[in-house]
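Enquirer: File data36.cif follows (mmCIF, C-alpha atoms and all ligand atoms):
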```
data_my_file
#
loop_
_atom_site.label_atom_id
_atom_site.label_comp_id
_atom_site.auth_asym_id
_atom_site.auth_seq_id
_atom_site.Cartn_x
_atom_site.Cartn_y
_atom_site.Cartn_z
CA MET E 11 -7.11 -15.70 44.21
CA ASP E 12 -3.53 -14.64 43.81
CA PHE E 13 -1.03 -16.21 46.18
CA ALA E 14 1.99 -14.66 44.48
CA ILE E 15 4.15 -12.72 46.93
CA PRO E 16 5.26 -9.35 45.47
CA ALA E 17 8.95 -9.25 44.54
CA ASP E 18 9.76 -6.47 47.04
CA VAL E 19 8.26 -8.53 49.88
CA VAL E 20 10.20 -11.61 48.78
CA ALA E 21 13.40 -9.55 48.79
CA LEU E 22 12.65 -8.02 52.20
CA ALA E 23 11.80 -11.44 53.66
CA ASP E 24 15.19 -12.69 52.43
CA GLU E 25 16.84 -9.77 54.21
CA VAL E 26 14.94 -10.59 57.42
CA ARG E 27 15.90 -14.27 57.21
CA THR E 28 19.55 -13.38 56.63
CA PHE E 29 19.50 -10.90 59.52
CA VAL E 30 17.93 -13.41 61.92
CA ALA E 31 20.41 -16.13 60.96
CA ARG E 32 23.47 -13.84 61.06
CA ASP E 33 22.74 -11.34 63.85
CA VAL E 34 20.00 -12.68 66.10
CA ILE E 35 20.32 -16.42 66.69
CA ARG E 36 23.75 -15.97 68.28
CA PHE E 37 22.08 -14.06 71.15
CA GLU E 38 19.71 -16.89 72.06
CA ASN E 39 21.91 -18.10 74.89
CA ASP E 40 22.75 -14.60 76.11
CA ALA E 41 22.42 -14.37 79.90
CA ARG E 42 20.38 -11.18 79.45
CA TRP E 43 17.46 -13.33 78.21
CA GLY E 44 15.98 -14.41 81.52
CA ALA E 45 12.80 -15.96 82.87
CA HIS E 46 10.95 -12.65 82.46
CA GLY E 47 12.06 -12.12 78.90
CA PRO E 48 15.00 -10.44 77.19
CA SER E 49 16.30 -7.40 79.11
CA ASP E 50 15.96 -3.91 77.68
CA GLU E 51 19.73 -3.76 77.33
CA LEU E 52 19.64 -6.85 75.10
CA ARG E 53 16.66 -5.48 73.18
CA ARG E 54 18.45 -2.20 72.49
CA GLU E 55 21.53 -4.04 71.25
CA LEU E 56 19.35 -6.11 68.92
CA ASN E 57 17.41 -3.02 67.80
CA ALA E 58 20.72 -1.31 66.93
CA LEU E 59 21.68 -4.30 64.78
CA ALA E 60 18.27 -4.22 63.10
CA ALA E 61 18.64 -0.48 62.46
CA LYS E 62 22.05 -1.11 60.89
CA ALA E 63 20.47 -3.73 58.63
CA GLY E 64 17.70 -1.24 57.72
CA LEU E 65 15.06 -3.43 59.30
CA LEU E 66 14.10 -1.67 62.54
CA GLY E 67 10.46 -0.64 62.53
CA ILE E 68 9.68 -2.33 59.19
CA ASN E 69 6.10 -2.35 60.38
CA ALA E 70 5.95 1.29 61.51
CA PRO E 71 3.18 3.43 60.00
CA ARG E 72 4.17 5.76 57.15
CA GLU E 73 3.34 8.85 59.24
CA VAL E 74 6.34 8.14 61.48
CA GLY E 75 8.71 7.21 58.70
CA GLY E 76 7.90 3.50 58.44
CA ARG E 77 7.07 1.46 55.35
CA GLY E 78 3.36 1.07 56.13
CA ILE E 79 3.37 -2.52 54.87
CA ASP E 80 0.07 -4.33 54.42
CA HIS E 81 -1.11 -7.38 56.36
CA ARG E 82 -0.15 -9.84 53.63
CA ALA E 83 3.42 -8.52 53.63
CA GLN E 84 3.39 -8.72 57.43
CA ALA E 85 2.44 -12.40 57.15
CA VAL E 86 5.61 -13.17 55.21
CA LEU E 87 7.96 -10.86 57.11
CA PHE E 88 6.76 -11.67 60.63
CA GLU E 89 7.00 -15.39 59.95
CA ALA E 90 10.59 -14.86 58.79
CA ALA E 91 11.36 -12.82 61.93
CA GLY E 92 9.72 -15.42 64.20
CA TYR E 93 12.30 -18.02 63.20
CA SER E 94 14.06 -16.85 66.34
CA MET E 95 11.96 -15.76 69.31
CA LEU E 96 14.38 -12.83 69.51
CA GLY E 97 13.71 -11.85 65.86
CA PRO E 98 10.50 -9.89 66.59
CA VAL E 99 12.25 -8.29 69.59
CA ALA E 100 15.11 -7.15 67.33
CA LEU E 101 12.80 -5.74 64.66
CA HIS E 102 10.51 -4.29 67.35
CA ILE E 103 7.45 -6.06 65.99
CA GLN E 104 6.78 -7.96 69.19
CA ALA E 105 3.57 -7.98 71.25
CA PRO E 106 2.18 -5.95 72.89
CA ASP E 107 3.99 -3.03 71.22
CA GLU E 108 3.05 -3.94 67.68
CA GLY E 109 -0.70 -4.02 68.51
CA ASN E 110 -0.47 -0.83 70.57
CA ILE E 111 1.34 1.02 67.77
CA ASN E 112 -1.35 -0.07 65.34
CA LEU E 113 -4.15 1.05 67.67
CA LEU E 114 -2.55 4.40 68.45
CA SER E 115 -1.97 5.13 64.77
CA LYS E 116 -5.67 4.42 64.11
CA ILE E 117 -7.37 6.28 66.97
CA GLY E 118 -4.76 8.51 68.69
CA THR E 119 -5.02 12.31 68.58
CA VAL E 120 -2.34 14.39 66.88
CA GLU E 121 -0.87 15.25 70.32
CA GLN E 122 -0.91 11.61 71.52
CA LYS E 123 0.80 10.47 68.34
CA ALA E 124 3.42 13.21 68.62
CA ARG E 125 4.18 12.16 72.20
CA TYR E 126 4.08 8.37 71.91
CA LEU E 127 3.80 7.00 68.39
CA LYS E 128 7.24 7.71 66.95
CA PRO E 129 9.21 6.54 70.03
CA MET E 130 7.00 3.47 70.25
CA ALA E 131 7.35 2.65 66.56
CA MET E 132 11.16 3.01 66.58
CA GLY E 133 11.80 1.08 69.79
CA ASP E 134 12.73 4.08 71.93
CA MET E 135 9.76 3.34 74.16
CA ARG E 136 7.98 0.14 75.11
CA SER E 137 4.30 -0.04 75.97
CA CYS E 138 1.76 -2.30 77.68
CA PHE E 139 -1.95 -2.98 77.35
CA ALA E 140 -3.80 -3.44 80.63
CA MET E 141 -7.16 -5.11 80.27
CA THR E 142 -7.16 -8.45 82.14
CA GLU E 143 -7.94 -8.57 85.86
CA PRO E 144 -7.79 -11.30 88.47
CA ALA E 145 -11.13 -13.02 89.26
CA PRO E 146 -13.83 -11.81 89.48
CA GLY E 147 -12.69 -9.18 86.95
CA ALA E 148 -12.22 -9.19 83.17
CA GLY E 149 -10.69 -12.31 81.63
CA SER E 150 -12.23 -14.37 78.86
CA ASP E 151 -15.28 -12.21 79.46
CA PRO E 152 -14.16 -8.56 79.16
CA GLY E 153 -17.67 -7.54 80.29
CA GLN E 154 -16.59 -8.40 83.84
CA LEU E 155 -14.28 -5.36 83.85
CA LYS E 156 -13.97 -4.00 87.40
CA THR E 157 -11.34 -1.23 87.06
CA ARG E 158 -13.16 2.09 87.25
CA ALA E 159 -12.45 5.57 85.96
CA ARG E 160 -14.47 8.28 87.69
CA PRO E 161 -14.68 11.81 86.29
CA ASN E 162 -13.45 14.65 88.49
CA GLY E 163 -12.69 18.31 87.84
CA ASN E 164 -9.27 17.49 86.36
CA GLY E 165 -10.22 14.58 84.13
CA TRP E 166 -10.53 11.01 85.44
CA VAL E 167 -9.38 9.02 88.47
CA ILE E 168 -8.69 5.33 87.77
CA SER E 169 -8.64 2.52 90.37
CA GLY E 170 -8.44 -1.24 90.01
CA ARG E 171 -6.20 -4.26 89.75
CA LYS E 172 -4.78 -5.75 86.55
CA TRP E 173 -2.75 -8.86 86.03
CA LEU E 174 -0.89 -10.78 83.33
CA ILE E 175 0.08 -7.41 81.83
CA THR E 176 2.87 -8.12 79.38
CA GLY E 177 5.76 -5.70 79.30
CA ALA E 178 4.48 -3.43 82.08
CA GLU E 179 7.89 -3.54 83.72
CA GLY E 180 10.06 -1.12 81.74
CA ALA E 181 7.18 0.31 79.68
CA GLY E 182 7.14 4.05 78.90
CA VAL E 183 3.40 4.16 78.32
CA GLY E 184 0.39 2.01 79.20
CA ILE E 185 -3.08 1.70 77.74
CA ILE E 186 -5.54 1.05 80.56
CA MET E 187 -9.04 -0.24 79.99
CA ALA E 188 -11.48 1.00 82.64
CA ARG E 189 -15.21 1.08 83.19
CA THR E 190 -16.64 4.59 82.78
CA GLY E 191 -20.34 3.88 83.21
CA ASP E 192 -22.79 1.26 84.44
CA GLY E 193 -23.95 -0.05 81.06
CA PRO E 194 -22.47 -3.38 79.89
CA GLY E 195 -20.42 -1.68 77.14
CA ASP E 196 -19.32 1.40 79.08
CA ALA E 197 -15.55 1.16 78.98
CA THR E 198 -12.85 3.61 77.93
CA MET E 199 -9.14 3.39 77.11
CA PHE E 200 -6.66 5.73 78.76
CA LEU E 201 -3.03 6.46 77.91
CA VAL E 202 -0.75 6.75 80.94
CA PRO E 203 2.93 7.73 80.86
CA LEU E 204 4.98 5.19 82.82
CA PRO E 205 6.40 4.62 85.30
CA HIS E 206 3.73 6.31 87.42
CA PRO E 207 3.48 6.15 91.23
CA ALA E 208 -0.24 5.32 91.06
CA PHE E 209 0.37 2.47 88.57
CA LYS E 210 2.02 0.14 91.07
CA LEU E 211 3.79 -2.89 89.73
CA THR E 212 3.20 -5.37 92.56
CA ARG E 213 5.07 -8.32 91.08
CA VAL E 214 6.17 -9.92 87.84
CA LEU E 215 4.59 -13.37 87.59
CA ASP E 216 6.65 -16.51 87.13
CA THR E 217 5.20 -18.11 84.02
CA LEU E 218 5.88 -20.99 81.63
CA ASP E 219 6.87 -18.63 78.83
CA CYS E 220 9.88 -16.31 78.67
CA SER E 221 10.00 -14.52 75.32
CA PHE E 222 8.13 -11.31 76.18
CA MET E 223 10.11 -8.33 77.47
CA GLY E 224 9.26 -7.43 81.03
CA GLY E 225 7.31 -10.66 81.57
CA HIS E 226 3.72 -10.43 82.80
CA ALA E 227 2.93 -8.21 85.77
CA VAL E 228 0.34 -7.61 88.46
CA ILE E 229 -0.58 -3.93 88.70
CA ASP E 230 -2.44 -2.07 91.43
CA ILE E 231 -3.91 1.13 90.08
CA GLU E 232 -4.56 3.46 93.02
CA ASP E 233 -6.38 6.73 92.35
CA LEU E 234 -4.46 7.38 89.16
CA GLN E 235 -5.29 10.90 87.94
CA VAL E 236 -5.36 11.37 84.17
CA SER E 237 -6.57 14.33 82.14
CA GLY E 238 -9.25 14.42 79.47
CA GLU E 239 -6.44 14.49 76.86
CA ASP E 240 -5.32 11.06 78.03
CA VAL E 241 -8.50 9.39 76.81
CA LEU E 242 -7.60 7.20 73.83
CA GLY E 243 -10.31 7.56 71.21
CA GLU E 244 -13.78 8.38 72.53
CA VAL E 245 -15.20 7.85 75.99
CA GLY E 246 -17.37 4.71 76.13
CA LYS E 247 -15.87 3.04 73.05
CA GLY E 248 -13.18 0.98 74.81
CA PHE E 249 -14.62 -2.42 73.94
CA GLN E 250 -15.00 -1.45 70.29
CA TYR E 251 -11.38 -0.32 70.16
CA ALA E 252 -10.29 -3.53 71.88
CA GLN E 253 -11.74 -5.39 68.90
CA VAL E 254 -9.99 -3.00 66.47
CA ARG E 255 -6.73 -3.83 68.24
CA LEU E 256 -7.31 -7.52 68.68
CA ALA E 257 -8.18 -8.78 65.18
CA PRO E 258 -4.84 -7.80 63.59
CA ALA E 259 -2.86 -8.27 66.84
CA ARG E 260 -3.85 -11.91 67.29
CA LEU E 261 -3.07 -12.49 63.62
CA THR E 262 0.48 -11.18 64.00
CA HIS E 263 0.94 -13.58 66.92
CA CYS E 264 0.01 -16.40 64.51
CA MET E 265 2.57 -15.13 62.00
CA ARG E 266 5.45 -14.91 64.48
CA TRP E 267 4.69 -18.27 66.09
CA LEU E 268 4.49 -19.91 62.69
CA GLY E 269 8.11 -18.87 62.19
CA SER E 270 9.04 -20.49 65.49
CA ALA E 271 7.17 -23.66 64.52
CA GLN E 272 9.18 -23.77 61.30
CA ARG E 273 12.37 -23.48 63.36
CA ALA E 274 11.35 -26.38 65.62
CA HIS E 275 10.44 -28.45 62.57
CA ASP E 276 13.76 -27.71 60.83
CA ILE E 277 15.67 -28.81 63.95
CA ALA E 278 13.62 -32.01 64.05
CA VAL E 279 14.18 -32.69 60.33
CA ALA E 280 17.95 -32.26 60.69
CA TYR E 281 18.00 -34.68 63.62
CA ALA E 282 15.74 -37.21 61.89
CA CYS E 283 18.04 -37.27 58.86
CA GLU E 284 21.20 -37.87 60.89
CA ARG E 285 20.33 -39.88 63.96
CA LEU E 286 20.36 -43.64 63.35
CA ALA E 287 18.07 -46.19 64.98
CA PHE E 288 17.46 -49.81 64.00
CA GLY E 289 19.89 -49.58 61.08
CA LYS E 290 18.67 -46.41 59.38
CA PRO E 291 18.07 -42.70 60.00
CA LEU E 292 15.05 -41.95 62.18
CA GLY E 293 13.40 -40.25 59.21
CA GLY E 294 13.43 -43.59 57.38
CA HIS E 295 10.90 -44.94 59.87
CA GLU E 296 7.35 -44.11 58.90
CA GLY E 297 6.45 -43.30 62.49
CA VAL E 298 8.88 -40.39 62.30
CA SER E 299 8.45 -39.34 58.67
CA PHE E 300 4.68 -39.18 59.20
CA MET E 301 5.24 -36.80 62.11
CA LEU E 302 7.35 -34.59 59.85
CA ALA E 303 4.70 -34.78 57.14
CA ASP E 304 1.99 -33.84 59.64
CA ASN E 305 4.11 -30.86 60.65
CA GLU E 306 4.15 -29.62 57.07
CA LEU E 307 0.40 -30.18 56.74
CA ASP E 308 -0.29 -28.22 59.93
CA MET E 309 2.01 -25.35 58.97
CA HIS E 310 0.52 -25.16 55.48
CA ALA E 311 -3.04 -24.98 56.83
CA ALA E 312 -2.04 -22.35 59.41
CA ARG E 313 -0.22 -20.28 56.78
CA LEU E 314 -3.18 -20.33 54.39
CA ALA E 315 -5.58 -19.29 57.16
CA ILE E 316 -3.23 -16.43 58.11
CA TRP E 317 -2.87 -15.25 54.52
CA GLN E 318 -6.61 -15.33 53.91
CA CYS E 319 -7.31 -13.34 57.05
CA ALA E 320 -4.55 -10.88 56.14
CA TRP E 321 -6.21 -10.47 52.75
CA VAL E 322 -9.58 -9.71 54.41
CA LEU E 323 -7.93 -7.04 56.57
CA ASP E 324 -6.17 -5.58 53.51
CA GLN E 325 -9.55 -5.25 51.79
CA GLY E 326 -10.70 -3.08 54.71
CA GLY E 327 -12.68 -5.85 56.40
CA LYS E 328 -12.75 -6.11 60.18
CA GLY E 329 -11.73 -9.75 59.95
CA GLN E 330 -13.10 -10.55 63.39
CA LYS E 331 -14.51 -13.95 62.50
CA GLU E 332 -11.52 -14.80 60.28
CA SER E 333 -8.93 -13.79 62.87
CA SER E 334 -10.80 -15.70 65.56
CA MET E 335 -10.86 -18.84 63.39
CA THR E 336 -7.24 -18.35 62.34
CA LYS E 337 -6.15 -17.95 65.95
CA VAL E 338 -7.62 -21.36 66.84
CA ILE E 339 -6.36 -23.07 63.68
CA ALA E 340 -2.85 -21.61 63.95
CA SER E 341 -2.29 -21.81 67.71
CA GLU E 342 -3.38 -25.44 67.83
CA ALA E 343 -1.55 -26.43 64.63
CA ILE E 344 1.63 -24.70 65.82
CA GLY E 345 1.32 -26.40 69.21
CA ARG E 346 1.13 -29.78 67.49
CA VAL E 347 4.12 -29.01 65.25
CA VAL E 348 6.32 -28.04 68.17
CA ASP E 349 5.15 -31.01 70.23
CA ARG E 350 5.94 -33.46 67.40
CA SER E 351 9.30 -31.80 66.78
CA LEU E 352 10.19 -32.28 70.42
CA GLN E 353 9.13 -35.94 70.22
CA VAL E 354 11.30 -36.56 67.14
CA LEU E 355 14.28 -35.24 69.09
CA GLY E 356 13.79 -37.81 71.85
CA GLY E 357 15.64 -36.91 75.05
CA LEU E 358 17.47 -34.08 73.30
CA GLY E 359 14.11 -32.36 72.80
CA LEU E 360 13.65 -32.02 76.55
CA THR E 361 17.01 -30.31 77.01
CA ARG E 362 17.98 -26.72 76.46
CA ASP E 363 20.59 -27.83 73.92
CA THR E 364 18.12 -26.92 71.18
CA MET E 365 15.56 -24.10 71.01
CA VAL E 366 12.69 -26.56 70.71
CA GLU E 367 12.29 -26.86 74.49
CA ARG E 368 11.97 -23.08 74.87
CA ILE E 369 9.61 -22.72 71.91
CA TYR E 370 7.49 -25.56 73.34
CA ARG E 371 7.11 -23.77 76.68
CA ASP E 372 6.49 -20.39 75.14
CA VAL E 373 3.99 -21.37 72.51
CA ARG E 374 1.73 -23.12 75.01
CA ALA E 375 0.54 -19.76 76.31
CA PHE E 376 -0.71 -18.82 72.86
CA ARG E 377 -3.72 -21.10 73.28
CA VAL E 378 -4.74 -18.92 76.25
CA TYR E 379 -3.96 -15.28 75.43
CA ASP E 380 -5.85 -13.29 72.81
CA GLY E 381 -8.82 -15.52 73.61
CA PRO E 382 -8.58 -19.15 74.71
CA SER E 383 -9.49 -21.70 71.99
CA GLU E 384 -12.70 -22.55 73.85
CA VAL E 385 -13.90 -18.94 73.82
CA HIS E 386 -13.33 -18.68 70.06
CA ARG E 387 -15.15 -21.98 69.51
CA TRP E 388 -17.99 -20.87 71.79
CA SER E 389 -18.38 -17.58 69.94
CA LEU E 390 -18.21 -19.28 66.52
CA GLY E 391 -20.72 -21.90 67.66
CA LYS E 392 -23.04 -19.17 68.91
CA ARG E 393 -22.90 -17.44 65.52
CA ILE E 394 -23.76 -20.74 63.80
CA VAL E 395 -26.70 -21.54 66.10
CA ASP E 396 -28.04 -17.95 66.13
CA GLY E 397 -27.70 -17.77 62.35
CA ASN E 398 -29.67 -20.98 61.98
CA LYS E 399 -32.43 -19.67 64.27
CA LEU E 400 -32.66 -16.50 62.17
CA ARG E 401 -32.90 -18.53 58.95
CA LYS E 402 -35.81 -20.56 60.38
CA ALA E 403 -37.65 -17.49 61.75
C1 LIG E 501 1.33 -15.10 78.55
C2 LIG E 501 0.13 -14.22 78.69
C3 LIG E 501 0.21 -12.88 78.36
C4 LIG E 501 -0.89 -12.04 78.53
N1 LIG E 501 -0.77 -10.69 78.27
C5 LIG E 501 -1.82 -9.87 78.53
C6 LIG E 501 -1.68 -8.44 78.38
O1 LIG E 501 -0.62 -7.93 78.00
N2 LIG E 501 -2.74 -7.65 78.66
C7 LIG E 501 -3.93 -8.16 79.09
O2 LIG E 501 -4.84 -7.39 79.33
N3 LIG E 501 -4.09 -9.52 79.25
C8 LIG E 501 -3.06 -10.37 79.00
N4 LIG E 501 -3.18 -11.73 79.18
C9 LIG E 501 -4.44 -12.25 79.68
C10 LIG E 501 -5.23 -13.06 78.67
O3 LIG E 501 -5.80 -12.23 77.72
C11 LIG E 501 -6.24 -13.89 79.48
O4 LIG E 501 -5.49 -14.89 80.16
C12 LIG E 501 -7.29 -14.55 78.62
O5 LIG E 501 -8.17 -13.57 78.08
C13 LIG E 501 -8.15 -15.53 79.45
O6 LIG E 501 -8.64 -14.93 80.60
P1 LIG E 501 -8.39 -15.62 82.01
O7 LIG E 501 -6.96 -15.96 82.14
O8 LIG E 501 -8.98 -14.75 83.05
O9 LIG E 501 -9.18 -17.00 81.93
P2 LIG E 501 -10.66 -17.28 82.46
O10 LIG E 501 -11.59 -16.23 81.95
O11 LIG E 501 -10.62 -17.51 83.91
O12 LIG E 501 -10.99 -18.64 81.69
C14 LIG E 501 -10.35 -19.86 82.05
C15 LIG E 501 -10.65 -20.93 81.02
O13 LIG E 501 -12.07 -21.12 80.96
C16 LIG E 501 -12.45 -21.55 79.67
N5 LIG E 501 -13.56 -20.68 79.17
C17 LIG E 501 -13.75 -19.37 79.39
N6 LIG E 501 -14.86 -18.95 78.77
C18 LIG E 501 -15.39 -20.02 78.12
C19 LIG E 501 -16.53 -20.23 77.29
N7 LIG E 501 -17.37 -19.23 76.97
N8 LIG E 501 -16.73 -21.48 76.82
C20 LIG E 501 -15.88 -22.50 77.10
N9 LIG E 501 -14.78 -22.35 77.88
C21 LIG E 501 -14.54 -21.13 78.38
C22 LIG E 501 -11.19 -21.45 78.78
O14 LIG E 501 -10.65 -22.75 78.66
C23 LIG E 501 -10.26 -20.57 79.59
O15 LIG E 501 -8.88 -20.88 79.33
C24 LIG E 501 -2.10 -12.58 79.00
C25 LIG E 501 -2.18 -13.95 79.30
C26 LIG E 501 -1.08 -14.76 79.16
C27 LIG E 501 -1.20 -16.21 79.52
#
```
Write the structure described by the file as C-alpha cells, please.
Ligand SMILES: Cc1cc2nc3c(=O)[nH]c(=O)nc-3n(C[C@H](O)[C@H](O)[C@H](O)COP(=O)(O)OP(=O)(O)OC[C@H]3O[C@@H](n4cnc5c(N)ncnc54)[C@H](O)[C@@H]3O)c2cc1C
Expert:
Amino acid sequence: MDFAIPADVVALADEVRTFVARDVIRFENDARWGAHGPSDELRRELNALAAKAGLLGINAPREVGGRGIDHRAQAVLFEAAGYSMLGPVALHIQAPDEGNINLLSKIGTVEQKARYLKPMAMGDMRSCFAMTEPAPGAGSDPGQLKTRARPNGNGWVISGRKWLITGAEGAGVGIIMARTGDGPGDATMFLVPLPHPAFKLTRVLDTLDCSFMGGHAVIDIEDLQVSGEDVLGEVGKGFQYAQVRLAPARLTHCMRWLGSAQRAHDIAVAYACERLAFGKPLGGHEGVSFMLADNELDMHAARLAIWQCAWVLDQGGKGQKESSMTKVIASEAIGRVVDRSLQVLGGLGLTRDTMVERIYRDVRAFRVYDGPSEVHRWSLGKRIVDGNKLRKA
C-alpha cells in the first residue's frame, strides 16, 4: 500500500486550492446563484477564470485535450475543488456532466464523440442524464423503468415521463434511458440534442439543495424521434452502462462533498477557537472539542474509503461493491460532519452568514441520489447472505 500522493498531483491540488480561495469563494453570494443552482452566465464566468488559471477541464479525457488524470488524482483534486460548492462548477467537474463525459468517452461512437464530447468536456455544453421516473416508474429499482423506445423505419420513438433530472434546463444534450424490450434487462441509452420540442421540460422542482446548475426537472417525453445513430453503446445494454457510469460517478460525488465537509469543519474550528463561553473558548470544552475530533475521524474514514475505491478503479476493477460501500460511508460521515459543524456554530450555523447552512441543506440529498443508503445496505446484505448460502451448499 502506497498512500503517497505524486508530486505533480500535490502541485495541481495546491493550484486548485489557491484558485478556489482567490477566484471562486467571492462568488458564493452572487445573486446569479439561485434556488435552482448557479446560472449559466455565472458558470461561464467561473469557467473563464478556471481557463485563465489553466484548470478548466482538468478531468477531460486525453482524446479531447485533457489531462486524463486517474481516479486517485481525482480524489485529491475534486476534494480541493469541493471546498466551495462553486469550485466543481468552475472547473466543470460537476455532476451530472462529469459522469456523462466519462460514459461518452468510454462507449460513444467516433461521430458522437466528435459532436458532443469536446464541447461537454470544455464546458461549452452542459448535459443531463434521464433515468429516474415518478412512481410507479424507475427509482431505487431501475427495473421499474416505464419510458419506452419503439423501433420505427427512421430509428426509435421514445415516450415517457422522467423526474428529478439534474441540469435538464439549459442542457445541450441528454442521455435518456428507455425500455427497448420486454425482458427485465432490456433497456437502451439514447443521446438527444437539446432543447428538443418532444423533450418537454414541465417544471423545475423546488428542492432542499441548490448547488446543481439547472436544478432538477420533470420531463415529458412525447414521441421523441431519434435515429439509430443516437443509440449510445449497444441496444439492450442500458443497465450495464448505467453501472459503468455510476461506480465512478458516485465516487466523485464523495470526493467533492468531502471538500465541502472540510470547509464546514474549518468554519466550525475557527468559531470554536474564538467564541468564548463559561470563561474559555468553546473549543476548550470537551463537548465541543470531541465534536471537532469526531469530524476529523469521519473525514479520515471517508477519505480512506474513497482512495481505496479509486485505487480499485485505477487497477481496472469495476469497483461496484467498493463504490457502493464508499457512497454509504462517505455520505453518512459527511452528513455527520456538516451537522456537527452547524451545531458548534450555535445560532450562527442556522443563518446564511456562513456557508455551513447551505452545505447542510445541499449535502442531505446525497444520502438519496446515486442510491439511497438503504438500497446500498440491502444490496450488500444480499451479497453477504447469498454468499453464505453458496458456501454452505
Ligand atoms: C438532488 C437529486 C438529484 C437527482 N438527479 C438525478 C438525475 O440527474 N437523473 C436521474 O435519473 N435521477 C436523479 N435523481 C433521482 C435519484 O437517483 C433517485 O431519487 C434515487 O434513485 C431514489 O429513487 P426514488 O427517489 O424514486 O426513491 P424510491 O425508490 O421511491 O425509494 C424511497 C426510499 O425507499 C427506501 N428503499 C428503497 N428501496 C429499498 C430497499 N431495497 N431496502 C430498503 N429501503 C429501500 C429508501 O430509503 C429510499 O430513499 C436525483 C435525486 C435527487 C434527490
Enquirer: Rank E:Ala85, E:Ala278, E:Ala91, E:Val99 by their smallest atom-to-atom distance to Ala303 (chain E), using only C-alpha atoms, and report the top residue only.
Expert: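 Checking each of E:Ala85, E:Ala278, E:Ala91, E:Val99 against Ala303 (chain E), counting only C-alpha atoms, the winner is E:Ala278.
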Enquirer: Enumerate as a ChimeraX atom specification the residues within 7 Å of ligand LIG 501 (chain E), counting all atoms listed in the file.
Expert: /E:106,138-145,148-151,173-177,219,226,375,378-385,388
Enquirer: Please return as a PyMOL selection string every residue within 12 Å of (17.6, -40.4, 67.3), taking into account all atoms listed in the file and the file's own coordinates.
Expert: chain E and resi 278-295+298+351-359
Enquirer: I want to know what sits within 10 Å of Asn39 (chain E), based on only C-alpha atoms, with residues of the same chain fewer than 6 positions away left out; could you give that as an NGL selection string?
Expert: :E and (362-363 or 365)
Enquirer: Would you compute the distance between CA of Phe222 (chain E) and CA of Phe209 (chain E)? Give it in Å to one decimal.
Expert: 20.1 Å
Enquirer: For CA of Pro16 (chain E) and CA of Asp324 (chain E), determine how far apart the two atoms are, in Å to one decimal place.
Expert: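 Straight-line distance from CA of Pro16 (chain E) to CA of Asp324 (chain E) works out to 14.5 Å.
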Enquirer: How far is it from CA of Arg171 (chain E) to CA of Arg213 (chain E), in Å with one decimal?
Expert: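 These two atoms are separated by 12.1 Å.
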Enquirer: Which residue gives the smallest distance to Thr364 (chain E) among E:Arg393, E:Arg189, E:Arg42, E:Arg273, with all atoms listed in the file counted?
Expert: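 Once distances to Thr364 (chain E) are computed over all atoms listed in the file, the minimum belongs to E:Arg273.
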Enquirer: Which is closer to Lys392 (chain E) than all the others in E:Gln235, E:Arg72, E:Lys331, E:Asp276, using all atoms listed in the file?
Expert: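 Going through E:Gln235, E:Arg72, E:Lys331, E:Asp276 one by one, the smallest distance to Lys392 (chain E) is for E:Lys331.
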Enquirer: Considering all atoms listed in the file, can you say which of E:Val26, E:Leu302, E:Ile394, E:Ala60 comes closest to Arg350 (chain E)?
Expert: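 For Arg350 (chain E), the nearest of the given residues is E:Leu302.
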Enquirer: Name the residues, using the chain letters and numbers of the file, that sit within 12 Å of (-5.3, 8.7, 94.4) when counting all atoms listed in the file, and give them as a PyMOL selection string.
Expert: chain E and resi 159-160+162+166-170+206-210+230-236
Enquirer: Find the residue from E:Val19, E:Val347, E:Leu114, E:Leu314 that sits nearest to Val241 (chain E); use only C-alpha atoms when measuring.
Expert: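 That would be E:Leu114, the residue with the smallest distance to Val241 (chain E).
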Enquirer: Please provide as a list in words all residues within 10 Å of Thr262 (chain E), with the sequence filter that same-chain residues fewer than 4 positions apart are discarded (counting only C-alpha atoms).
Expert: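 Here the answer would be His81, Gln84, Ala85, Phe88, Glu89, Ile103, Gln104, Ala105, Glu108, Gly109, Leu256, Ala257, Pro258, Arg266, Trp267, Leu268, Ile316, Ala320, Ser333 and Lys337 of chain E.
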Enquirer: So, with all atoms listed in the file as the atoms that count, which of E:Lys123, E:Arg27, E:Arg32, E:Arg136 lies closest to Arg54 (chain E)?
Expert: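 For Arg54 (chain E), the nearest of the candidates is E:Arg136.
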Enquirer: Write out as a PyMOL selection string which residues come within 10 Å of Ala100 (chain E) when counting only C-alpha atoms, dropping same-chain ones fewer than 2 positions away.
Expert: chain E and resi 29-30+33-34+52-61+65-67+91+94-98+102-104+133
Enquirer: Please provide as a PyMOL selection string all residues within 12 Å of Gly76 (chain E), with the sequence filter that same-chain residues fewer than 6 positions apart are discarded (counting only C-alpha atoms).
Expert: chain E and resi 64-70+111+115+127-128+130-132
Enquirer: Would you place a box with edges along x, y and z of the file around all atoms of region 17-32 of chain E listed there, add 8 Å to each of its six sides, and report the centre and edge lengths in Å to one decimal, as lines of an AutoDock Vina configuration file?
Expert:
```
center_x = 15.9
center_y = -11.3
center_z = 53.2
size_x = 31.2
size_y = 25.7
size_z = 33.4
```
Enquirer: Using all atoms listed in the file, which residues sit within 12 Å of Gly118 (chain E) once same-chain residues fewer than 6 positions away are excluded, as a list in words?
Expert: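 Selected residues are Asn110, Ile111, Asn112, Ala124, Arg125, Tyr126, Leu127, Ile185, Met199, Phe200, Leu201, Glu239, Asp240, Val241, Leu242, Gly243, Glu244 and Tyr251 of chain E.
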